[in-house]
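Trainee: Supplied structure: structure12.cif, mmCIF, N, CA, C and O atoms.
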data_structure
loop_
_atom_site.label_atom_id
_atom_site.label_comp_id
_atom_site.auth_asym_id
_atom_site.auth_seq_id
_atom_site.Cartn_x
_atom_site.Cartn_y
_atom_site.Cartn_z
N ASN A 295 -15.57 -86.07 -67.09
CA ASN A 295 -14.68 -86.65 -68.08
C ASN A 295 -13.49 -87.34 -67.44
O ASN A 295 -12.76 -88.03 -68.12
N ASN A 296 -13.25 -87.10 -66.16
CA ASN A 296 -12.18 -87.75 -65.43
C ASN A 296 -10.83 -87.60 -66.11
O ASN A 296 -10.17 -88.58 -66.45
N ILE A 297 -10.41 -86.36 -66.31
CA ILE A 297 -9.15 -86.07 -67.00
C ILE A 297 -8.16 -85.51 -66.00
O ILE A 297 -8.49 -84.63 -65.21
N GLN A 298 -6.94 -86.03 -66.05
CA GLN A 298 -5.89 -85.60 -65.16
C GLN A 298 -4.60 -85.54 -65.95
O GLN A 298 -4.35 -86.42 -66.79
N GLY A 299 -3.78 -84.53 -65.72
CA GLY A 299 -2.51 -84.47 -66.40
C GLY A 299 -1.84 -83.12 -66.25
O GLY A 299 -2.35 -82.21 -65.59
N THR A 300 -0.70 -83.00 -66.90
CA THR A 300 0.10 -81.80 -66.82
C THR A 300 0.42 -81.30 -68.22
O THR A 300 0.74 -82.09 -69.11
N VAL A 301 0.31 -80.00 -68.41
CA VAL A 301 0.73 -79.35 -69.65
C VAL A 301 2.00 -78.57 -69.34
O VAL A 301 2.05 -77.81 -68.37
N THR A 302 3.04 -78.80 -70.12
CA THR A 302 4.28 -78.06 -69.98
C THR A 302 4.41 -77.09 -71.14
O THR A 302 4.21 -77.49 -72.29
N VAL A 303 4.69 -75.84 -70.83
CA VAL A 303 4.88 -74.82 -71.87
C VAL A 303 6.25 -74.17 -71.68
O VAL A 303 6.76 -74.07 -70.56
N ARG A 304 6.85 -73.78 -72.79
CA ARG A 304 8.12 -73.05 -72.77
C ARG A 304 7.79 -71.56 -72.89
O ARG A 304 7.16 -71.15 -73.86
N VAL A 305 8.19 -70.79 -71.87
CA VAL A 305 7.83 -69.38 -71.79
C VAL A 305 9.09 -68.53 -71.86
O VAL A 305 10.08 -68.80 -71.19
N THR A 306 9.04 -67.48 -72.69
CA THR A 306 10.12 -66.50 -72.75
C THR A 306 9.74 -65.33 -71.86
O THR A 306 8.74 -64.65 -72.10
N PHE A 307 10.52 -65.14 -70.79
CA PHE A 307 10.33 -64.03 -69.87
C PHE A 307 11.26 -62.91 -70.33
O PHE A 307 12.48 -63.03 -70.22
N LEU A 308 10.70 -61.83 -70.86
CA LEU A 308 11.49 -60.77 -71.44
C LEU A 308 12.09 -59.84 -70.38
O LEU A 308 11.51 -59.65 -69.31
N ALA A 309 13.22 -59.25 -70.72
CA ALA A 309 13.89 -58.32 -69.82
C ALA A 309 13.01 -57.11 -69.52
O ALA A 309 13.16 -56.48 -68.48
N SER A 310 12.07 -56.82 -70.39
CA SER A 310 11.16 -55.67 -70.20
C SER A 310 10.09 -55.94 -69.15
O SER A 310 9.33 -55.04 -68.79
N GLY A 311 9.99 -57.19 -68.67
CA GLY A 311 8.97 -57.54 -67.69
C GLY A 311 7.70 -58.07 -68.31
O GLY A 311 6.70 -58.23 -67.63
N GLN A 312 7.75 -58.35 -69.61
CA GLN A 312 6.60 -58.90 -70.31
C GLN A 312 6.85 -60.35 -70.69
O GLN A 312 7.98 -60.81 -70.67
N ILE A 313 5.76 -61.03 -71.04
CA ILE A 313 5.86 -62.40 -71.52
C ILE A 313 6.06 -62.36 -73.03
O ILE A 313 5.35 -61.66 -73.75
N GLY A 314 7.04 -63.10 -73.51
CA GLY A 314 7.27 -63.21 -74.95
C GLY A 314 6.51 -64.41 -75.51
O GLY A 314 5.34 -64.60 -75.21
N SER A 315 7.21 -65.24 -76.23
CA SER A 315 6.56 -66.39 -76.86
C SER A 315 6.24 -67.46 -75.82
O SER A 315 6.93 -67.62 -74.82
N VAL A 316 5.15 -68.19 -76.08
CA VAL A 316 4.73 -69.31 -75.26
C VAL A 316 4.43 -70.46 -76.21
O VAL A 316 3.61 -70.30 -77.12
N SER A 317 5.10 -71.59 -76.03
CA SER A 317 4.86 -72.73 -76.91
C SER A 317 4.72 -74.01 -76.08
O SER A 317 5.43 -74.19 -75.08
N PRO A 318 3.80 -74.89 -76.46
CA PRO A 318 3.59 -76.12 -75.70
C PRO A 318 4.72 -77.12 -75.91
O PRO A 318 5.23 -77.26 -77.02
N VAL A 319 5.11 -77.77 -74.83
CA VAL A 319 6.09 -78.85 -74.88
C VAL A 319 5.36 -80.19 -74.78
O VAL A 319 5.64 -81.12 -75.50
N SER A 320 4.40 -80.26 -73.84
CA SER A 320 3.51 -81.42 -73.73
C SER A 320 2.08 -80.90 -73.72
O SER A 320 1.83 -79.79 -73.29
N GLN A 321 1.15 -81.70 -74.22
CA GLN A 321 -0.21 -81.22 -74.41
C GLN A 321 -1.24 -82.16 -73.79
O GLN A 321 -0.96 -83.34 -73.56
N LEU A 322 -2.43 -81.60 -73.54
CA LEU A 322 -3.61 -82.36 -73.13
C LEU A 322 -4.77 -81.92 -74.02
O LEU A 322 -4.76 -80.80 -74.55
N GLY A 323 -5.75 -82.76 -74.15
CA GLY A 323 -6.93 -82.44 -74.95
C GLY A 323 -7.91 -81.58 -74.19
O GLY A 323 -7.61 -81.02 -73.14
N TYR A 324 -9.11 -81.49 -74.73
CA TYR A 324 -10.24 -80.77 -74.13
C TYR A 324 -9.95 -79.29 -73.90
O TYR A 324 -10.48 -78.68 -72.97
N GLY A 325 -9.06 -78.69 -74.70
CA GLY A 325 -8.75 -77.28 -74.58
C GLY A 325 -7.82 -76.92 -73.43
O GLY A 325 -7.59 -75.74 -73.17
N LEU A 326 -7.27 -77.92 -72.74
CA LEU A 326 -6.43 -77.65 -71.58
C LEU A 326 -5.08 -77.06 -71.98
O LEU A 326 -4.54 -76.22 -71.25
N THR A 327 -4.55 -77.46 -73.12
CA THR A 327 -3.29 -76.87 -73.59
C THR A 327 -3.48 -75.39 -73.85
O THR A 327 -2.66 -74.56 -73.44
N GLU A 328 -4.58 -75.03 -74.48
CA GLU A 328 -4.88 -73.63 -74.77
C GLU A 328 -5.07 -72.83 -73.47
O GLU A 328 -4.66 -71.67 -73.38
N GLN A 329 -5.69 -73.45 -72.47
CA GLN A 329 -5.87 -72.78 -71.18
C GLN A 329 -4.52 -72.54 -70.49
O GLN A 329 -4.31 -71.49 -69.87
N ALA A 330 -3.61 -73.50 -70.60
CA ALA A 330 -2.28 -73.33 -70.01
C ALA A 330 -1.52 -72.20 -70.70
O ALA A 330 -0.86 -71.39 -70.05
N ILE A 331 -1.61 -72.14 -72.03
CA ILE A 331 -0.95 -71.06 -72.78
C ILE A 331 -1.53 -69.71 -72.38
O ILE A 331 -0.80 -68.75 -72.14
N SER A 332 -2.84 -69.64 -72.25
CA SER A 332 -3.50 -68.40 -71.85
C SER A 332 -3.06 -67.97 -70.45
O SER A 332 -2.78 -66.80 -70.20
N ALA A 333 -2.97 -68.93 -69.54
CA ALA A 333 -2.54 -68.62 -68.16
C ALA A 333 -1.09 -68.14 -68.15
O ALA A 333 -0.75 -67.20 -67.43
N ALA A 334 -0.24 -68.76 -68.95
CA ALA A 334 1.17 -68.36 -69.00
C ALA A 334 1.31 -66.93 -69.51
O ALA A 334 2.14 -66.16 -69.02
N LYS A 335 0.49 -66.55 -70.47
CA LYS A 335 0.56 -65.20 -71.03
C LYS A 335 0.12 -64.14 -70.03
O LYS A 335 0.42 -62.96 -70.21
N GLN A 336 -0.57 -64.53 -68.96
CA GLN A 336 -1.05 -63.59 -67.95
C GLN A 336 -0.14 -63.54 -66.72
O GLN A 336 -0.42 -62.79 -65.79
N MET A 337 0.94 -64.31 -66.72
CA MET A 337 1.84 -64.35 -65.58
C MET A 337 2.51 -62.99 -65.36
O MET A 337 2.78 -62.26 -66.32
N ARG A 338 2.76 -62.66 -64.11
CA ARG A 338 3.47 -61.45 -63.73
C ARG A 338 4.78 -61.87 -63.08
O ARG A 338 4.82 -62.84 -62.31
N PHE A 339 5.85 -61.13 -63.34
CA PHE A 339 7.16 -61.49 -62.80
C PHE A 339 8.08 -60.28 -62.81
O PHE A 339 7.80 -59.27 -63.44
N GLU A 340 9.19 -60.41 -62.09
CA GLU A 340 10.26 -59.43 -62.15
C GLU A 340 11.40 -60.08 -62.92
O GLU A 340 11.77 -61.22 -62.64
N PRO A 341 11.99 -59.38 -63.89
CA PRO A 341 13.05 -59.97 -64.69
C PRO A 341 14.27 -60.36 -63.85
O PRO A 341 14.58 -59.71 -62.85
N GLN A 342 14.93 -61.42 -64.29
CA GLN A 342 16.17 -61.84 -63.65
C GLN A 342 17.22 -60.76 -63.88
O GLN A 342 17.34 -60.22 -64.97
N LEU A 343 17.98 -60.46 -62.83
CA LEU A 343 19.03 -59.45 -62.94
C LEU A 343 20.40 -60.12 -62.95
O LEU A 343 20.68 -61.00 -62.13
N VAL A 344 21.25 -59.72 -63.88
CA VAL A 344 22.64 -60.16 -63.93
C VAL A 344 23.47 -58.89 -63.94
O VAL A 344 23.37 -58.08 -64.86
N ASN A 345 24.28 -58.72 -62.88
CA ASN A 345 25.07 -57.49 -62.71
C ASN A 345 24.18 -56.25 -62.79
O ASN A 345 24.55 -55.23 -63.39
N GLY A 346 22.98 -56.35 -62.22
CA GLY A 346 22.07 -55.22 -62.18
C GLY A 346 21.29 -54.96 -63.45
O GLY A 346 20.50 -54.03 -63.51
N GLN A 347 21.50 -55.77 -64.48
CA GLN A 347 20.82 -55.58 -65.76
C GLN A 347 19.75 -56.67 -65.94
O GLN A 347 20.04 -57.86 -65.76
N PRO A 348 18.52 -56.29 -66.31
CA PRO A 348 17.49 -57.31 -66.54
C PRO A 348 17.83 -58.17 -67.75
O PRO A 348 18.40 -57.68 -68.72
N GLN A 349 17.52 -59.45 -67.64
CA GLN A 349 17.84 -60.41 -68.70
C GLN A 349 16.58 -61.11 -69.19
O GLN A 349 15.65 -61.34 -68.44
N THR A 350 16.58 -61.48 -70.45
CA THR A 350 15.54 -62.33 -71.01
C THR A 350 15.94 -63.77 -70.76
O THR A 350 17.08 -64.17 -71.00
N VAL A 351 15.00 -64.57 -70.25
CA VAL A 351 15.25 -66.00 -70.00
C VAL A 351 14.09 -66.82 -70.53
O VAL A 351 12.96 -66.35 -70.64
N VAL A 352 14.39 -68.07 -70.85
CA VAL A 352 13.37 -69.02 -71.31
C VAL A 352 13.30 -70.13 -70.27
O VAL A 352 14.32 -70.72 -69.91
N LYS A 353 12.10 -70.41 -69.80
CA LYS A 353 11.89 -71.43 -68.77
C LYS A 353 10.70 -72.30 -69.14
O LYS A 353 9.78 -71.86 -69.81
N SER A 354 10.71 -73.53 -68.65
CA SER A 354 9.55 -74.41 -68.78
C SER A 354 8.67 -74.20 -67.56
O SER A 354 9.16 -74.10 -66.44
N VAL A 355 7.36 -74.14 -67.80
CA VAL A 355 6.38 -73.97 -66.73
C VAL A 355 5.34 -75.07 -66.88
O VAL A 355 4.88 -75.34 -67.99
N GLN A 356 4.97 -75.70 -65.76
CA GLN A 356 3.99 -76.78 -65.80
C GLN A 356 2.68 -76.33 -65.16
O GLN A 356 2.67 -75.64 -64.14
N PHE A 357 1.58 -76.74 -65.79
CA PHE A 357 0.24 -76.51 -65.27
C PHE A 357 -0.43 -77.87 -65.11
O PHE A 357 -0.53 -78.63 -66.06
N SER A 358 -0.88 -78.17 -63.89
CA SER A 358 -1.54 -79.45 -63.61
C SER A 358 -3.05 -79.27 -63.62
O SER A 358 -3.58 -78.27 -63.10
N PHE A 359 -3.73 -80.22 -64.23
CA PHE A 359 -5.19 -80.18 -64.34
C PHE A 359 -5.79 -81.47 -63.81
O PHE A 359 -5.25 -82.56 -64.03
N THR A 360 -6.91 -81.33 -63.11
CA THR A 360 -7.73 -82.47 -62.69
C THR A 360 -9.17 -82.08 -62.92
O THR A 360 -9.66 -81.11 -62.34
N ILE A 361 -9.84 -82.79 -63.80
CA ILE A 361 -11.25 -82.51 -64.12
C ILE A 361 -12.04 -83.78 -63.88
O ILE A 361 -11.72 -84.85 -64.41
N TYR A 362 -13.08 -83.67 -63.04
CA TYR A 362 -13.90 -84.84 -62.72
C TYR A 362 -15.21 -84.77 -63.46
O TYR A 362 -15.74 -83.80 -63.76
#
What's the structure tokens form of this structure?

Mentor:
Amino acid sequence: NNIQGTVTVRVTFLASGQIGSVSPVSQLGYGLTEQAISAAKQMRFEPQLVNGQPQTVVKSVQFSFTIY
């Protein structure tokens, strides 16, 4: 199909160490947006610490795809 592009999703990284909401900012067809959302929900991370306290943060994450 010769598809190339980037999907950007907005991810809420919770202070508890879990992924909160994930919403697309930019999309691609052929189910690639859904794959990016699924991948974001499986991310592992350590919460950001401010004065020793874990914080919830929202960040944009990009997933690049190339399908030949």

Trainee: Nearest residue to Val303 in chain A out of A:Ile331, A:Gln347, A:Val352, A:Tyr324, using only C-alpha atoms?

Mentor: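 The shortest atom-to-atom distance to Val303 in chain A comes from A:Ile331.
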
Trainee: Using the chain letters and numbers from the file, give me the residues hit by the PyMOL selection byres ((chain A and resi 311-318) around 8), as a PyMOL selection string.

Mentor: chain A and resi 301-310+319-321+327+330-331+334-342+348-355

Trainee: Could you check how far CA of Asn296 in chain A sits from atom O of Tyr362 in chain A, in Å to one decimal?

Mentor: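 If I compute the distance from CA of Asn296 in chain A to atom O of Tyr362 in chain A, I get 5.6 Å.
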
Trainee: Would you mind reading off the distance between atom N of Phe357 in chain A and atom N of Thr300 in chain A, one decimal, in Å?

Mentor: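 So the answer is 6.8 Å.
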
Trainee: From a DSSP pass on the backbone, collect the residues of chain A flagged as strand (DSSP E) and hand them back as a ChimeraX atom specification.

Mentor: /A:297-307,313-320,342-344,347-349,351-361

Trainee: Rounded to one decimal place, report the CA of Gly299 in chain A-CA of Ser358 in chain A distance in Å.

Mentor: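 Separating CA of Gly299 in chain A from CA of Ser358 in chain A is a distance of 5.8 Å.
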
Trainee: From the list A:Ala333, A:Ile297, A:Leu326, A:Val344, which residue is nearest Phe359 in chain A when using all atoms listed in the file?

Mentor: A:Ile297

Trainee: Can you rebuild range 339-350 of chain A with all heavy atoms and give it as an mmCIF file, in the frame of the given file?

Mentor:
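Done, and the output landed in result_29.cif:
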data_model
loop_
_atom_site.group_PDB
_atom_site.id
_atom_site.type_symbol
_atom_site.label_atom_id
_atom_site.label_comp_id
_atom_site.auth_asym_id
_atom_site.auth_seq_id
_atom_site.Cartn_x
_atom_site.Cartn_y
_atom_site.Cartn_z
ATOM 1 N N PHE A 339 5.850 -61.130 -63.340
ATOM 2 C CA PHE A 339 7.160 -61.490 -62.800
ATOM 3 C C PHE A 339 8.080 -60.280 -62.810
ATOM 4 O O PHE A 339 7.800 -59.270 -63.440
ATOM 5 C CB PHE A 339 7.783 -62.619 -63.631
ATOM 6 C CG PHE A 339 8.159 -62.188 -65.026
ATOM 7 C CD1 PHE A 339 9.460 -61.834 -65.322
ATOM 8 C CD2 PHE A 339 7.206 -62.103 -66.029
ATOM 9 C CE1 PHE A 339 9.803 -61.402 -66.599
ATOM 10 C CE2 PHE A 339 7.538 -61.683 -67.303
ATOM 11 C CZ PHE A 339 8.845 -61.331 -67.589
ATOM 12 N N GLU A 340 9.190 -60.410 -62.090
ATOM 13 C CA GLU A 340 10.260 -59.430 -62.150
ATOM 14 C C GLU A 340 11.400 -60.080 -62.920
ATOM 15 O O GLU A 340 11.770 -61.220 -62.640
ATOM 16 C CB GLU A 340 10.720 -59.039 -60.750
ATOM 17 C CG GLU A 340 9.691 -58.206 -60.008
ATOM 18 C CD GLU A 340 10.215 -57.668 -58.697
ATOM 19 O OE1 GLU A 340 11.432 -57.436 -58.593
ATOM 20 O OE2 GLU A 340 9.396 -57.484 -57.795
ATOM 21 N N PRO A 341 11.990 -59.380 -63.890
ATOM 22 C CA PRO A 341 13.050 -59.970 -64.690
ATOM 23 C C PRO A 341 14.270 -60.360 -63.850
ATOM 24 O O PRO A 341 14.580 -59.710 -62.850
ATOM 25 C CB PRO A 341 13.449 -58.861 -65.677
ATOM 26 C CG PRO A 341 12.347 -57.876 -65.639
ATOM 27 C CD PRO A 341 11.692 -58.004 -64.299
ATOM 28 N N GLN A 342 14.930 -61.420 -64.290
ATOM 29 C CA GLN A 342 16.170 -61.840 -63.650
ATOM 30 C C GLN A 342 17.220 -60.760 -63.880
ATOM 31 O O GLN A 342 17.340 -60.220 -64.970
ATOM 32 C CB GLN A 342 16.630 -63.155 -64.256
ATOM 33 C CG GLN A 342 17.971 -63.629 -63.753
ATOM 34 C CD GLN A 342 18.402 -64.924 -64.414
ATOM 35 O OE1 GLN A 342 17.593 -65.626 -65.018
ATOM 36 N NE2 GLN A 342 19.665 -65.238 -64.318
ATOM 37 N N LEU A 343 17.980 -60.460 -62.830
ATOM 38 C CA LEU A 343 19.030 -59.450 -62.940
ATOM 39 C C LEU A 343 20.400 -60.120 -62.950
ATOM 40 O O LEU A 343 20.680 -61.000 -62.130
ATOM 41 C CB LEU A 343 18.961 -58.454 -61.781
ATOM 42 C CG LEU A 343 17.684 -57.622 -61.670
ATOM 43 C CD1 LEU A 343 17.755 -56.730 -60.446
ATOM 44 C CD2 LEU A 343 17.467 -56.789 -62.923
ATOM 45 N N VAL A 344 21.250 -59.720 -63.880
ATOM 46 C CA VAL A 344 22.640 -60.160 -63.930
ATOM 47 C C VAL A 344 23.470 -58.890 -63.940
ATOM 48 O O VAL A 344 23.370 -58.080 -64.860
ATOM 49 C CB VAL A 344 22.919 -61.024 -65.182
ATOM 50 C CG1 VAL A 344 24.393 -61.373 -65.270
ATOM 51 C CG2 VAL A 344 22.059 -62.277 -65.172
ATOM 52 N N ASN A 345 24.280 -58.720 -62.880
ATOM 53 C CA ASN A 345 25.070 -57.490 -62.710
ATOM 54 C C ASN A 345 24.180 -56.250 -62.790
ATOM 55 O O ASN A 345 24.550 -55.230 -63.390
ATOM 56 C CB ASN A 345 26.198 -57.412 -63.749
ATOM 57 C CG ASN A 345 27.210 -58.520 -63.594
ATOM 58 O OD1 ASN A 345 27.499 -58.945 -62.480
ATOM 59 N ND2 ASN A 345 27.743 -58.992 -64.693
ATOM 60 N N GLY A 346 22.980 -56.350 -62.220
ATOM 61 C CA GLY A 346 22.070 -55.220 -62.180
ATOM 62 C C GLY A 346 21.290 -54.960 -63.450
ATOM 63 O O GLY A 346 20.500 -54.030 -63.510
ATOM 64 N N GLN A 347 21.500 -55.770 -64.480
ATOM 65 C CA GLN A 347 20.820 -55.580 -65.760
ATOM 66 C C GLN A 347 19.750 -56.670 -65.940
ATOM 67 O O GLN A 347 20.040 -57.860 -65.760
ATOM 68 C CB GLN A 347 21.818 -55.668 -66.926
ATOM 69 C CG GLN A 347 22.858 -54.577 -66.916
ATOM 70 C CD GLN A 347 22.240 -53.203 -67.108
ATOM 71 O OE1 GLN A 347 21.321 -53.027 -67.890
ATOM 72 N NE2 GLN A 347 22.738 -52.228 -66.365
ATOM 73 N N PRO A 348 18.520 -56.290 -66.310
ATOM 74 C CA PRO A 348 17.490 -57.310 -66.540
ATOM 75 C C PRO A 348 17.830 -58.170 -67.750
ATOM 76 O O PRO A 348 18.400 -57.680 -68.720
ATOM 77 C CB PRO A 348 16.224 -56.496 -66.783
ATOM 78 C CG PRO A 348 16.676 -55.115 -67.101
ATOM 79 C CD PRO A 348 18.040 -54.940 -66.530
ATOM 80 N N GLN A 349 17.520 -59.450 -67.640
ATOM 81 C CA GLN A 349 17.840 -60.410 -68.700
ATOM 82 C C GLN A 349 16.580 -61.110 -69.190
ATOM 83 O O GLN A 349 15.650 -61.340 -68.440
ATOM 84 C CB GLN A 349 18.799 -61.480 -68.161
ATOM 85 C CG GLN A 349 20.101 -60.927 -67.625
ATOM 86 C CD GLN A 349 20.952 -60.323 -68.713
ATOM 87 O OE1 GLN A 349 21.209 -60.956 -69.726
ATOM 88 N NE2 GLN A 349 21.361 -59.081 -68.524
ATOM 89 N N THR A 350 16.580 -61.480 -70.450
ATOM 90 C CA THR A 350 15.540 -62.330 -71.010
ATOM 91 C C THR A 350 15.940 -63.770 -70.760
ATOM 92 O O THR A 350 17.080 -64.170 -71.000
ATOM 93 C CB THR A 350 15.395 -62.074 -72.531
ATOM 94 O OG1 THR A 350 14.933 -60.738 -72.728
ATOM 95 C CG2 THR A 350 14.414 -63.052 -73.164
#
